[in-house]
Amino acid sequence: MSKLVIIDGHAIIHRAYHSIPPLTSNGQHVNALYGFYSMFLTAINTLKPQYLAVCLDSPGPNFRNHEFLGYRAKRKPADPDLISQLPLLKSTLEEAKIATFSMGGFEADDLIATLTSKALRKIKKTKSGPLKLVDEVVIITGDKDLMQLVNNQVSLFVPIRGLSETKIFNSTDVQEKLGVLPTQVVDLKALMGDMSDNYPGVAGIGPKVAINLLTEYQNLDNIYQNLDQIKPTIKEKLESDKDNAYLSQKLATLVNNIPLEFKLSQSKFNQKSFLNLISLFRTFNFKSLIQRIEKQNPKQVKINKPISNQTSLF
């Protein structure tokens, strides 16, 4: 069974920043960077992927901002100490030769959806059936928007408390968490809107009503095709905000066909990847992360270059 792990880079480093106390290396704040790579190692040890990629958001507006000017308009700016570490994330991933993807005009979530689609596509038929590039994709994220991608080949690996406790979400877990199937997540957000991303949904429709509507009618189109069967007070809200419902559906839907250059071989994760990480961690004096690699990988080739004797809090 071949497995591709895709990391939602900025979602994880944001969580790391709020989970790790302030730390510096050579005058640079690195607590978020340290936390990201700590989570990275946890995921590698737990999931043991053959392939790994990291998707990052790009600065500037994306197509959702053009569709809806208020998209994410109410979000508070990130802390300066976190912002200062974002370029480090990209540069260190490249230095460690970890496959990294970003593209202007699209969010990391869209890149993740596209990589997932590309990785699971059927490439040829054999006597035993269709052959896929990979058999399984696991997405590491704290973003519920990505629950729409979950199916029998795609799961989420989600930090629950800080970085120490994690949970794998399959289709059953998504339904228990949100009250709807993964295929209904987009229409749930279309009805409810999204306070975090600041798109409207249908005014007056909350989680309970939205879940009940989707349980009864399966999707947004069926709901609007059966308005005459719906309670008058709810019907009125749906009719009044139909345009907002479909706008929100469009904003919530992840793009899975970005023209992204992706070769699975470039995302292969192996012993050389661990060596690259050890070299990287040595640069920031992340002693404990080096020790974790050596402990989790007893066959790992040791590098003779000594680690600095400087006292490390990491």
# chains A, B, ... in the order shown; residues from 1 in each chain; ligands from 1
>>> select_by_dssp(residues="region 40-177 of chain A", states="helix (DSSP H, G or I)", output="ChimeraX atom specification")
/A:40-47,63-67,80-83,86-95,108-120,144-149,171-177
>>> write_last_selection(atoms="C-alpha atoms", output="PDB file, in the first residue's frame")
ATOM      1  CA  PHE A  40       6.097  16.834  10.973  1.00  0.00           C
ATOM      2  CA  LEU A  41       8.138  14.162  12.771  1.00  0.00           C
ATOM      3  CA  THR A  42       5.107  12.952  14.720  1.00  0.00           C
ATOM      4  CA  ALA A  43       3.196  12.481  11.479  1.00  0.00           C
ATOM      5  CA  ILE A  44       6.085  10.696   9.766  1.00  0.00           C
ATOM      6  CA  ASN A  45       6.506   8.320  12.689  1.00  0.00           C
ATOM      7  CA  THR A  46       2.766   7.627  12.913  1.00  0.00           C
ATOM      8  CA  LEU A  47       1.795   7.477   9.247  1.00  0.00           C
ATOM      9  CA  PHE A  63      -9.889  33.965  -6.774  1.00  0.00           C
ATOM     10  CA  ARG A  64     -12.321  33.900  -3.816  1.00  0.00           C
ATOM     11  CA  ASN A  65     -11.476  37.524  -3.029  1.00  0.00           C
ATOM     12  CA  HIS A  66     -12.477  38.412  -6.586  1.00  0.00           C
ATOM     13  CA  GLU A  67     -15.722  36.435  -6.303  1.00  0.00           C
ATOM     14  CA  PRO A  80       4.229  39.760  13.551  1.00  0.00           C
ATOM     15  CA  ASP A  81       6.333  37.084  15.267  1.00  0.00           C
ATOM     16  CA  LEU A  82       4.421  34.419  13.336  1.00  0.00           C
ATOM     17  CA  ILE A  83       4.588  36.325  10.045  1.00  0.00           C
ATOM     18  CA  LEU A  86       6.515  32.067   7.349  1.00  0.00           C
ATOM     19  CA  PRO A  87       9.355  32.739   4.867  1.00  0.00           C
ATOM     20  CA  LEU A  88      11.533  30.473   7.013  1.00  0.00           C
ATOM     21  CA  LEU A  89       9.038  27.656   6.595  1.00  0.00           C
ATOM     22  CA  LYS A  90       9.206  27.831   2.824  1.00  0.00           C
ATOM     23  CA  SER A  91      12.982  28.228   2.668  1.00  0.00           C
ATOM     24  CA  THR A  92      13.692  25.412   5.144  1.00  0.00           C
ATOM     25  CA  LEU A  93      11.358  23.012   3.320  1.00  0.00           C
ATOM     26  CA  GLU A  94      13.203  23.770   0.102  1.00  0.00           C
ATOM     27  CA  GLU A  95      16.560  23.407   1.862  1.00  0.00           C
ATOM     28  CA  ALA A 108      -3.219  25.783  -0.012  1.00  0.00           C
ATOM     29  CA  ASP A 109      -6.533  23.917   0.340  1.00  0.00           C
ATOM     30  CA  ASP A 110      -7.025  24.069  -3.437  1.00  0.00           C
ATOM     31  CA  LEU A 111      -3.503  22.791  -4.018  1.00  0.00           C
ATOM     32  CA  ILE A 112      -4.162  19.948  -1.581  1.00  0.00           C
ATOM     33  CA  ALA A 113      -7.382  19.049  -3.407  1.00  0.00           C
ATOM     34  CA  THR A 114      -5.530  19.085  -6.730  1.00  0.00           C
ATOM     35  CA  LEU A 115      -2.607  16.970  -5.508  1.00  0.00           C
ATOM     36  CA  THR A 116      -5.049  14.498  -3.973  1.00  0.00           C
ATOM     37  CA  SER A 117      -6.944  14.202  -7.243  1.00  0.00           C
ATOM     38  CA  LYS A 118      -3.755  13.789  -9.267  1.00  0.00           C
ATOM     39  CA  ALA A 119      -2.249  11.229  -6.891  1.00  0.00           C
ATOM     40  CA  LEU A 120      -5.357   9.026  -6.850  1.00  0.00           C
ATOM     41  CA  LYS A 144     -12.443  21.603   8.631  1.00  0.00           C
ATOM     42  CA  ASP A 145     -12.877  22.810   5.037  1.00  0.00           C
ATOM     43  CA  LEU A 146     -10.739  19.861   3.944  1.00  0.00           C
ATOM     44  CA  MET A 147     -13.272  17.400   5.347  1.00  0.00           C
ATOM     45  CA  GLN A 148     -15.040  17.647   1.984  1.00  0.00           C
ATOM     46  CA  LEU A 149     -12.172  15.599   0.498  1.00  0.00           C
ATOM     47  CA  SER A 171     -15.951   9.508   6.626  1.00  0.00           C
ATOM     48  CA  THR A 172     -17.645   8.246   9.785  1.00  0.00           C
ATOM     49  CA  ASP A 173     -15.672  10.681  11.949  1.00  0.00           C
ATOM     50  CA  VAL A 174     -16.621  13.605   9.687  1.00  0.00           C
ATOM     51  CA  GLN A 175     -20.288  12.691   9.978  1.00  0.00           C
ATOM     52  CA  GLU A 176     -20.005  12.433  13.767  1.00  0.00           C
ATOM     53  CA  LYS A 177     -18.212  15.810  13.922  1.00  0.00           C
TER      54      LYS A 177
END
>>> residues_around(residues="region 269-284 of chain A", least_positions_apart="3", cutoff="8 Å", atoms="only C-alpha atoms", output="VMD selection string")
chain A and resid 25 49 to 52 92 95 to 98 287 289 to 290 293 300 to 301 307
>>> write_last_selection(atoms="C-alpha atoms", output="PDB file, in the first residue's frame")
ATOM      1  CA  SER A  25      17.666  31.113  17.462  1.00  0.00           C
ATOM      2  CA  PRO A  49       4.406   7.590   4.198  1.00  0.00           C
ATOM      3  CA  GLN A  50       6.306   6.663   1.070  1.00  0.00           C
ATOM      4  CA  TYR A  51       5.590  10.129  -0.352  1.00  0.00           C
ATOM      5  CA  LEU A  52       5.199  13.542   1.261  1.00  0.00           C
ATOM      6  CA  THR A  92      13.692  25.412   5.144  1.00  0.00           C
ATOM      7  CA  GLU A  95      16.560  23.407   1.862  1.00  0.00           C
ATOM      8  CA  ALA A  96      15.496  20.000   3.183  1.00  0.00           C
ATOM      9  CA  LYS A  97      14.324  19.095  -0.333  1.00  0.00           C
ATOM     10  CA  ILE A  98      10.763  18.421   0.817  1.00  0.00           C
ATOM     11  CA  LYS A 287      18.703  19.187  19.325  1.00  0.00           C
ATOM     12  CA  LEU A 289      14.278  17.008  16.973  1.00  0.00           C
ATOM     13  CA  ILE A 290      17.582  15.456  15.884  1.00  0.00           C
ATOM     14  CA  ILE A 293      14.953  11.230  14.331  1.00  0.00           C
ATOM     15  CA  GLN A 300      19.532   6.176  10.398  1.00  0.00           C
ATOM     16  CA  VAL A 301      23.067   6.973   9.245  1.00  0.00           C
ATOM     17  CA  ILE A 307      26.076  19.494  17.425  1.00  0.00           C
TER      18      ILE A 307
END
>>> closest_residue(among="A:Ile139, A:Met103, A:Ala203, A:Leu254", to="Thr233 (chain A)", atoms="only C-alpha atoms")
A:Ala203
>>> closest_residue(among="A:Leu181, A:Met192, A:Ile160, A:Ile230", to="Met39 (chain A)", atoms="only C-alpha atoms")
A:Ile160
>>> residues_around(residues="Glu136 (chain A)", least_positions_apart="4", cutoff="7 Å", atoms="only C-alpha atoms", output="PDB file with N, CA and C atoms, in the first residue's frame")
ATOM      1  N   SER A   2       0.803   2.044  -1.048  1.00  0.00           N
ATOM      2  CA  SER A   2       1.580   3.279  -1.102  1.00  0.00           C
ATOM      3  C   SER A   2       0.749   4.442  -0.564  1.00  0.00           C
ATOM      4  N   LYS A   3       1.401   5.319   0.183  1.00  0.00           N
ATOM      5  CA  LYS A   3       0.698   6.400   0.883  1.00  0.00           C
ATOM      6  C   LYS A   3       1.370   7.738   0.619  1.00  0.00           C
ATOM      7  N   LEU A   4       0.563   8.720   0.267  1.00  0.00           N
ATOM      8  CA  LEU A   4       1.025  10.105   0.134  1.00  0.00           C
ATOM      9  C   LEU A   4       0.472  10.912   1.297  1.00  0.00           C
ATOM     10  N   GLN A 153     -10.432   6.579   0.420  1.00  0.00           N
ATOM     11  CA  GLN A 153      -8.996   6.626   0.154  1.00  0.00           C
ATOM     12  C   GLN A 153      -8.313   7.863   0.735  1.00  0.00           C
ATOM     13  N   VAL A 154      -9.097   8.787   1.263  1.00  0.00           N
ATOM     14  CA  VAL A 154      -8.562  10.050   1.776  1.00  0.00           C
ATOM     15  C   VAL A 154      -9.022  10.248   3.218  1.00  0.00           C
TER      16      VAL A 154
END
>>> residues_around(residues="Ser248 (chain A)", least_positions_apart="4", cutoff="8 Å", atoms="only C-alpha atoms", output="VMD selection string")
chain A and resid 189 to 191 193 199 to 201 244 252
